[in-house]
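As provided, input_5.cif (mmCIF, C-alpha atoms and all ligand atoms) reads as follows.
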data_final
#
loop_
_atom_site.label_atom_id
_atom_site.label_comp_id
_atom_site.auth_asym_id
_atom_site.auth_seq_id
_atom_site.Cartn_x
_atom_site.Cartn_y
_atom_site.Cartn_z
CA MET Q 1 0.00 0.00 0.00
CA GLY Q 2 1.29 3.39 -0.97
CA ASP Q 3 4.66 1.99 -1.86
CA ASP Q 4 5.01 4.21 -4.88
CA ILE Q 5 8.75 4.17 -4.97
CA ASP Q 6 8.69 1.30 -7.41
CA SER Q 7 6.65 3.26 -9.92
CA PRO Q 8 7.62 6.82 -10.75
CA ARG Q 9 4.43 8.81 -11.10
CA GLN Q 10 5.54 11.20 -13.77
CA ALA Q 11 8.20 11.62 -16.34
CA GLY Q 12 10.22 14.77 -16.26
CA THR Q 13 13.59 16.27 -15.75
CA THR Q 14 13.15 18.22 -12.54
CA ARG Q 15 15.50 17.60 -9.67
CA ARG Q 16 12.73 15.96 -7.71
CA ASP Q 17 12.09 13.56 -10.55
CA ALA Q 18 15.76 12.81 -10.79
CA LEU Q 19 15.81 12.04 -7.10
CA GLY Q 20 12.70 9.93 -7.56
CA MET Q 21 14.39 7.91 -10.26
CA ALA Q 22 17.43 7.51 -8.08
CA ALA Q 23 15.13 6.24 -5.36
CA VAL Q 24 13.66 3.72 -7.77
CA LEU Q 25 17.14 2.50 -8.57
CA LEU Q 26 17.88 2.37 -4.87
CA ALA Q 27 14.66 0.50 -4.20
CA GLY Q 28 15.62 -1.99 -6.86
CA GLY Q 29 18.72 -2.77 -4.90
CA ALA Q 30 17.06 -2.64 -1.52
CA LEU Q 31 16.48 -6.37 -1.25
CA SER Q 32 20.08 -7.23 -1.86
CA VAL Q 33 21.09 -4.48 0.56
CA ARG Q 34 18.83 -6.00 3.16
CA ALA Q 35 20.07 -9.50 2.47
CA ALA Q 36 23.64 -8.34 2.67
CA ALA Q 37 23.01 -6.51 5.97
CA PRO Q 38 25.42 -3.64 5.33
CA ALA Q 39 28.68 -4.16 7.12
CA SER Q 40 28.42 -0.61 8.43
CA ALA Q 41 25.31 -1.61 10.31
CA ALA Q 42 26.74 -4.90 11.49
CA GLY Q 43 24.95 -6.43 14.41
CA SER Q 44 21.88 -4.31 13.90
CA ASP Q 45 18.90 -6.31 12.88
CA ASP Q 46 16.36 -3.61 13.69
CA SER Q 47 17.19 -0.81 11.33
CA CYS Q 48 16.31 0.93 8.10
CA ALA Q 49 16.63 -0.73 4.73
CA ALA Q 50 16.01 2.50 2.79
CA HIS Q 51 15.10 6.08 3.51
CA TYR Q 52 14.50 8.30 0.52
CA ASP Q 53 10.88 8.11 -0.56
CA ALA Q 54 9.30 10.34 -3.21
CA GLU Q 55 5.84 9.94 -1.68
CA PHE Q 56 7.10 11.09 1.70
CA GLU Q 57 9.02 14.05 0.28
CA SER Q 58 6.10 15.34 -1.78
CA ALA Q 59 3.64 14.94 1.12
CA LEU Q 60 6.06 16.76 3.38
CA ALA Q 61 6.51 19.61 0.89
CA LEU Q 62 2.75 19.92 0.51
CA GLY Q 63 2.07 19.89 4.25
CA ASP Q 64 4.85 22.35 4.91
CA GLU Q 65 3.52 24.78 2.32
CA GLU Q 66 -0.07 24.39 3.44
CA ILE Q 67 0.79 25.49 6.94
CA PRO Q 68 2.25 28.99 6.79
CA ASP Q 69 5.26 29.97 8.84
CA ASP Q 70 3.28 32.44 10.91
CA GLU Q 71 1.67 29.40 12.53
CA ASP Q 72 5.01 28.97 14.26
CA ARG Q 73 4.77 32.29 16.08
CA GLY Q 74 4.28 32.07 19.78
CA LEU Q 75 5.64 28.57 19.88
CA ALA Q 76 7.42 29.36 23.12
CA GLU Q 77 4.26 28.02 24.70
CA TYR Q 78 5.11 24.61 23.33
CA GLY Q 79 7.94 24.00 25.72
CA PRO Q 80 10.99 25.62 27.25
CA PRO Q 81 12.69 27.53 24.41
CA GLY Q 82 15.73 25.76 23.08
CA ARG Q 83 15.23 22.66 25.19
CA CYS Q 84 14.60 19.22 23.77
CA ALA Q 85 13.26 15.98 25.20
CA LEU Q 86 14.20 12.40 24.43
CA PRO Q 87 11.93 10.61 21.94
CA LEU Q 88 11.76 7.47 24.11
CA ARG Q 89 11.35 7.02 27.85
CA ARG Q 90 12.25 3.37 28.11
CA HIS Q 91 15.39 1.44 27.29
CA TYR Q 92 16.45 1.61 23.67
CA ARG Q 93 19.41 0.35 21.70
CA ILE Q 94 21.11 2.38 18.97
CA THR Q 95 21.23 -0.06 16.08
CA THR Q 96 22.39 2.29 13.31
CA PRO Q 97 23.98 5.59 14.28
CA TYR Q 98 23.68 8.75 12.24
CA GLY Q 99 26.10 9.19 9.37
CA VAL Q 100 27.09 5.56 8.94
CA ARG Q 101 28.13 4.95 5.33
CA GLY Q 102 25.93 2.61 3.40
CA ASN Q 103 23.79 1.95 0.42
CA TRP Q 104 21.32 4.76 1.02
CA LEU Q 105 20.58 7.44 -1.56
CA ALA Q 106 22.50 10.05 0.44
CA GLY Q 107 25.37 7.58 0.82
CA TYR Q 108 24.97 7.53 4.58
CA HIS Q 109 22.32 7.01 7.25
CA THR Q 110 20.38 10.28 7.51
CA GLY Q 111 18.92 9.58 10.94
CA ILE Q 112 19.49 7.45 14.00
CA ASP Q 113 17.83 4.07 14.58
CA LEU Q 114 16.65 3.30 18.09
CA ALA Q 115 15.45 -0.27 18.59
CA VAL Q 116 12.50 -0.63 20.95
CA PRO Q 117 9.63 -3.12 21.06
CA ARG Q 118 6.69 -2.44 18.81
CA GLY Q 119 4.12 -0.21 20.50
CA THR Q 120 6.60 1.80 22.60
CA ALA Q 121 5.44 5.38 23.14
CA VAL Q 122 7.27 7.95 21.01
CA TYR Q 123 7.51 11.58 22.16
CA ALA Q 124 8.28 14.82 20.34
CA VAL Q 125 11.91 15.88 20.85
CA GLY Q 126 10.76 19.46 20.31
CA GLY Q 127 7.42 21.24 20.10
CA GLY Q 128 6.11 22.66 16.87
CA VAL Q 129 3.59 22.15 14.12
CA VAL Q 130 2.83 18.74 12.64
CA VAL Q 131 3.30 19.14 8.88
CA LEU Q 132 2.99 15.45 7.98
CA ALA Q 133 1.27 12.55 9.71
CA ARG Q 134 0.52 9.70 7.33
CA TRP Q 135 1.65 6.59 5.54
CA SER Q 136 4.88 7.50 3.77
CA GLY Q 137 6.18 4.56 1.76
CA ALA Q 138 9.68 3.58 2.84
CA TYR Q 139 9.27 5.63 6.04
CA GLY Q 140 6.12 3.69 6.88
CA ASN Q 141 3.76 5.57 9.16
CA ALA Q 142 5.62 8.81 9.72
CA VAL Q 143 5.21 12.11 11.55
CA THR Q 144 7.14 15.27 10.79
CA VAL Q 145 7.17 18.24 13.14
CA ARG Q 146 8.38 21.69 12.07
CA MET Q 147 10.07 23.22 15.07
CA PRO Q 148 10.36 26.94 15.89
CA ASP Q 149 14.05 27.05 14.94
CA GLY Q 150 13.13 25.95 11.41
CA HIS Q 151 14.37 22.39 11.83
CA TYR Q 152 12.20 19.38 11.04
CA ALA Q 153 11.99 16.25 13.17
CA VAL Q 154 10.98 13.07 11.32
CA TYR Q 155 9.71 10.05 13.25
CA ALA Q 156 9.45 6.99 11.02
CA HIS Q 157 8.27 3.36 10.98
CA LEU Q 158 5.54 4.00 13.58
CA SER Q 159 2.94 1.33 14.28
CA ARG Q 160 0.46 4.04 15.24
CA ILE Q 161 0.22 7.76 14.57
CA GLY Q 162 -1.26 9.76 17.44
CA VAL Q 163 -1.30 13.30 16.02
CA ARG Q 164 -2.92 15.02 13.07
CA LYS Q 165 -1.43 17.24 10.42
CA GLY Q 166 -1.75 20.87 11.47
CA ALA Q 167 -1.68 20.12 15.20
CA ARG Q 168 0.56 22.21 17.42
CA ILE Q 169 2.34 20.04 19.89
CA ARG Q 170 4.52 20.61 22.90
CA THR Q 171 7.99 19.26 23.57
CA GLY Q 172 7.54 15.77 25.02
CA ALA Q 173 4.04 15.29 23.60
CA ARG Q 174 3.25 11.72 22.57
CA ILE Q 175 3.15 11.52 18.81
CA GLY Q 176 2.53 7.80 18.35
CA SER Q 177 3.95 4.33 18.92
CA SER Q 178 7.03 2.66 17.53
CA GLY Q 179 6.84 -0.09 14.95
CA SER Q 180 8.43 -1.49 11.84
CA THR Q 181 6.21 -0.10 9.06
CA GLY Q 182 7.77 0.78 5.73
CA ARG Q 183 11.21 -0.47 4.84
CA ALA Q 184 12.40 -1.59 8.25
CA THR Q 185 14.03 -4.87 9.18
CA GLY Q 186 12.61 -4.83 12.71
CA PRO Q 187 10.84 -2.58 15.22
CA HIS Q 188 12.70 0.67 15.77
CA LEU Q 189 12.30 4.42 15.70
CA HIS Q 190 14.12 6.20 12.89
CA LEU Q 191 14.61 9.77 14.13
CA GLU Q 192 15.84 12.26 11.59
CA ILE Q 193 16.50 15.99 12.13
CA ARG Q 194 16.62 18.17 9.05
CA ALA Q 195 17.92 21.74 8.98
CA ARG Q 196 15.60 22.36 6.04
CA ARG Q 197 12.74 20.47 4.55
CA HIS Q 198 14.48 18.50 1.88
CA TYR Q 199 16.17 15.13 1.97
CA GLY Q 200 19.91 15.49 2.55
CA SER Q 201 19.69 18.56 4.83
CA ASP Q 202 19.91 16.33 7.88
CA VAL Q 203 22.03 17.09 10.93
CA ASN Q 204 23.37 14.75 13.61
CA PRO Q 205 20.38 14.09 15.91
CA GLN Q 206 22.60 13.27 18.88
CA ARG Q 207 24.45 16.58 18.61
CA TYR Q 208 21.27 18.52 17.95
CA LEU Q 209 19.63 17.10 21.04
CA ALA Q 210 22.75 17.31 23.21
CA ARG Q 211 23.05 21.04 22.52
CA ARG Q 212 19.51 21.36 23.78
CA GLY Q 213 19.92 19.37 26.95
CA ALA Q 214 18.83 15.88 25.88
CA ARG Q 215 21.42 13.10 25.78
CA LEU Q 216 20.62 10.38 23.27
CA TRP Q 217 23.41 7.85 23.76
ZN ZN F 301 17.11 4.74 10.07
#
Show the structure stored in the file as structure tokens.
Amino acid sequence: MGDDIDSPRQAGTTRRDALGMAAVLLAGGALSVRAAAPASAAGSDDSCAAHYDAEFESALALGDEEIPDDEDRGLAEYGPPGRCALPLRRHYRITTPYGVRGNWLAGYHTGIDLAVPRGTAVYAVGGGVVVLARWSGAYGNAVTVRMPDGHYAVYAHLSRIGVRKGARIRTGARIGSSGSTGRATGPHLHLEIRARRHYGSDVNPQRYLARRGARLW
């Protein structure tokens, strides 16, 4: 369902289309990647098999544009300014760190994988506006929150989504439950922090959170 990455929706020469085609090529190799269990992610059975997804990116762009920036004003009420919370409140295991080299479109892991049992509560690392909350192909059930500093937090592979697009949420608010939907080899939370909306603008989630008082080690 919704796994459009195997069938490009439109022909064209825009950058997005080019990325889409690249994703198709990537998806074509995803099974062998999974079977080979990338050496860089050795020992991690609960991680991501692929990340880039054209369906996710276009839904995110649409949601982001539908909700104007002025919605972000006054977001101080959504939590202590500049402070983050951890996305999980029970024991987790980092199965694939951020930046690990591998067979992903970006050439490296764009988020961090935190293995937890299916159904574990997932919380917003920062308050903001929900710009995407839906099935998102490779990302599975995903939620994206636009935070007041302009960064985006992506929570992927959820078993359940607990927020709606357009909702304003506080730091630490429950946004859903962990799972293994989309291209995941086992139950885990893929947390990705982007400096801008587009794929490839990611930053190190551990550093981002650490600078804001939350240690994700
Ligand atoms: Zn991941």
Within 6 Å of ligand ZN 301 (chain F), which residues show up when you count all atoms listed in the file? List them as JSON, numbers by chain, please.
-> {"Q": [47, 48, 111, 112, 113, 190]}
Residue with the minimum atom-to-atom distance to Tyr98 (chain Q), picked from Q:His151, Q:His51, Q:Thr110, Q:Asp202 with all atoms listed in the file counted, is Q:Thr110
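Here the selection is built from only C-alpha atoms, and the residues within 12 Å of (24.6, 17.5, 17.8) turn out to be Q:Cys84, Q:Tyr98, Q:Gly99, Q:Gly111, Q:Ile112, Q:Glu192, Q:Ile193, Q:Arg194, Q:Ala195, Q:Asp202, Q:Val203, Q:Asn204, Q:Pro205, Q:Gln206, Q:Arg207, Q:Tyr208, Q:Leu209, Q:Ala210, Q:Arg211, Q:Arg212, Q:Gly213, Q:Ala214, Q:Arg215, Q:Leu216, Q:Trp217.
Closest to Ile161 (chain Q) among Q:Gly119, Q:Pro148, Q:Pro80, Q:Gly107 is Q:Gly119, based on all atoms listed in the file.
Residue nearest Val116 (chain Q) within the list Q:Ala184, Q:Ile94, Q:Ala133, Q:Ile175: Q:Ile94 [criterion: smallest interatomic distance, all atoms listed in the file].
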Exercise: Asn141 (chain Q) partners within 7 Å, all atoms listed in the file, chain neighbours under 6 positions left out, as a compact mmCIF listing (two decimals) with C-alpha atoms, in the frame of the given file:
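Here's the written file selection_12.txt:
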# COMPACT_ATOMS: atom_id res chain seq x y z
CA ARG Q 134 0.52 9.70 7.33
CA TRP Q 135 1.65 6.59 5.54
CA ALA Q 156 9.45 6.99 11.02
CA HIS Q 157 8.27 3.36 10.98
CA LEU Q 158 5.54 4.00 13.58
CA SER Q 159 2.94 1.33 14.28
CA ILE Q 161 0.22 7.76 14.57
CA THR Q 181 6.21 -0.10 9.06
May I have the residues within 6 Å of Val145 (chain Q) as number ranges by chain, using only C-alpha atoms and disregarding those fewer than 3 positions away in the same chain?
-> Q: 128-131, 152-153
Gly172 (chain Q) surroundings by only C-alpha atoms, 12 Å radius, close-in-sequence under 2 positions cut, as a PyMOL selection string | chain Q and resi 78-80+83-89+121-128+169-170+174-176+214
Separation of CA of Gly102 (chain Q) from CA of Leu60 (chain Q) in Å | 24.4 Å
Atom completion result for region 175-201 of chain Q (N, CA and C atoms) as a short mmCIF file (atom, residue, chain, number, x, y, z; two decimals), in the frame of the given file:
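Output file out_11.cif is given in full below:
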data_model
loop_
_atom_site.label_atom_id
_atom_site.label_comp_id
_atom_site.auth_asym_id
_atom_site.auth_seq_id
_atom_site.Cartn_x
_atom_site.Cartn_y
_atom_site.Cartn_z
N ILE Q 175 3.54 11.38 20.21
CA ILE Q 175 3.15 11.52 18.81
C ILE Q 175 2.73 10.19 18.18
N GLY Q 176 2.94 9.09 18.90
CA GLY Q 176 2.53 7.80 18.35
C GLY Q 176 3.25 6.67 19.05
N SER Q 177 3.30 5.52 18.37
CA SER Q 177 3.95 4.33 18.92
C SER Q 177 4.92 3.76 17.91
N SER Q 178 6.00 3.21 18.41
CA SER Q 178 7.03 2.66 17.53
C SER Q 178 6.54 1.40 16.82
N GLY Q 179 7.20 1.11 15.71
CA GLY Q 179 6.84 -0.09 14.95
C GLY Q 179 7.89 -0.42 13.92
N SER Q 180 7.47 -1.11 12.89
CA SER Q 180 8.43 -1.49 11.84
C SER Q 180 7.78 -1.32 10.46
N THR Q 181 6.89 -0.33 10.34
CA THR Q 181 6.21 -0.10 9.06
C THR Q 181 7.18 0.50 8.05
N GLY Q 182 6.88 0.29 6.78
CA GLY Q 182 7.77 0.78 5.73
C GLY Q 182 8.94 -0.16 5.56
N ARG Q 183 10.04 0.37 5.08
CA ARG Q 183 11.21 -0.47 4.84
C ARG Q 183 12.07 -0.54 6.09
N ALA Q 184 11.67 -1.39 7.00
CA ALA Q 184 12.40 -1.59 8.25
C ALA Q 184 12.61 -3.08 8.44
N THR Q 185 13.75 -3.45 9.00
CA THR Q 185 14.03 -4.87 9.18
C THR Q 185 13.60 -5.35 10.56
N GLY Q 186 13.09 -4.45 11.38
CA GLY Q 186 12.61 -4.83 12.71
C GLY Q 186 12.10 -3.59 13.40
N PRO Q 187 11.44 -3.74 14.55
CA PRO Q 187 10.84 -2.58 15.22
C PRO Q 187 11.90 -1.60 15.72
N HIS Q 188 11.80 -0.37 15.29
CA HIS Q 188 12.70 0.67 15.77
C HIS Q 188 12.13 2.04 15.40
N LEU Q 189 12.63 3.05 16.06
CA LEU Q 189 12.30 4.42 15.70
C LEU Q 189 13.44 4.99 14.87
N HIS Q 190 13.13 5.46 13.68
CA HIS Q 190 14.12 6.20 12.89
C HIS Q 190 13.83 7.66 13.17
N LEU Q 191 14.75 8.34 13.84
CA LEU Q 191 14.61 9.77 14.13
C LEU Q 191 15.57 10.53 13.23
N GLU Q 192 15.01 11.48 12.51
CA GLU Q 192 15.84 12.26 11.59
C GLU Q 192 15.58 13.74 11.87
N ILE Q 193 16.64 14.54 11.95
CA ILE Q 193 16.50 15.99 12.13
C ILE Q 193 17.04 16.66 10.89
N ARG Q 194 16.20 17.46 10.26
CA ARG Q 194 16.62 18.17 9.05
C ARG Q 194 16.71 19.67 9.33
N ALA Q 195 17.76 20.29 8.81
CA ALA Q 195 17.92 21.74 8.98
C ALA Q 195 16.95 22.48 8.06
N ARG Q 196 16.62 21.83 6.96
CA ARG Q 196 15.60 22.36 6.04
C ARG Q 196 14.67 21.21 5.68
N ARG Q 197 13.76 21.48 4.79
CA ARG Q 197 12.74 20.47 4.55
C ARG Q 197 13.25 19.27 3.75
N HIS Q 198 14.17 19.52 2.86
CA HIS Q 198 14.48 18.50 1.88
C HIS Q 198 15.44 17.40 2.36
N TYR Q 199 15.30 16.27 1.71
CA TYR Q 199 16.17 15.13 1.97
C TYR Q 199 17.62 15.55 1.77
N GLY Q 200 18.49 15.17 2.67
CA GLY Q 200 19.91 15.49 2.55
C GLY Q 200 20.32 16.71 3.37
N SER Q 201 19.34 17.39 4.00
CA SER Q 201 19.69 18.56 4.83
C SER Q 201 19.77 18.15 6.30
#
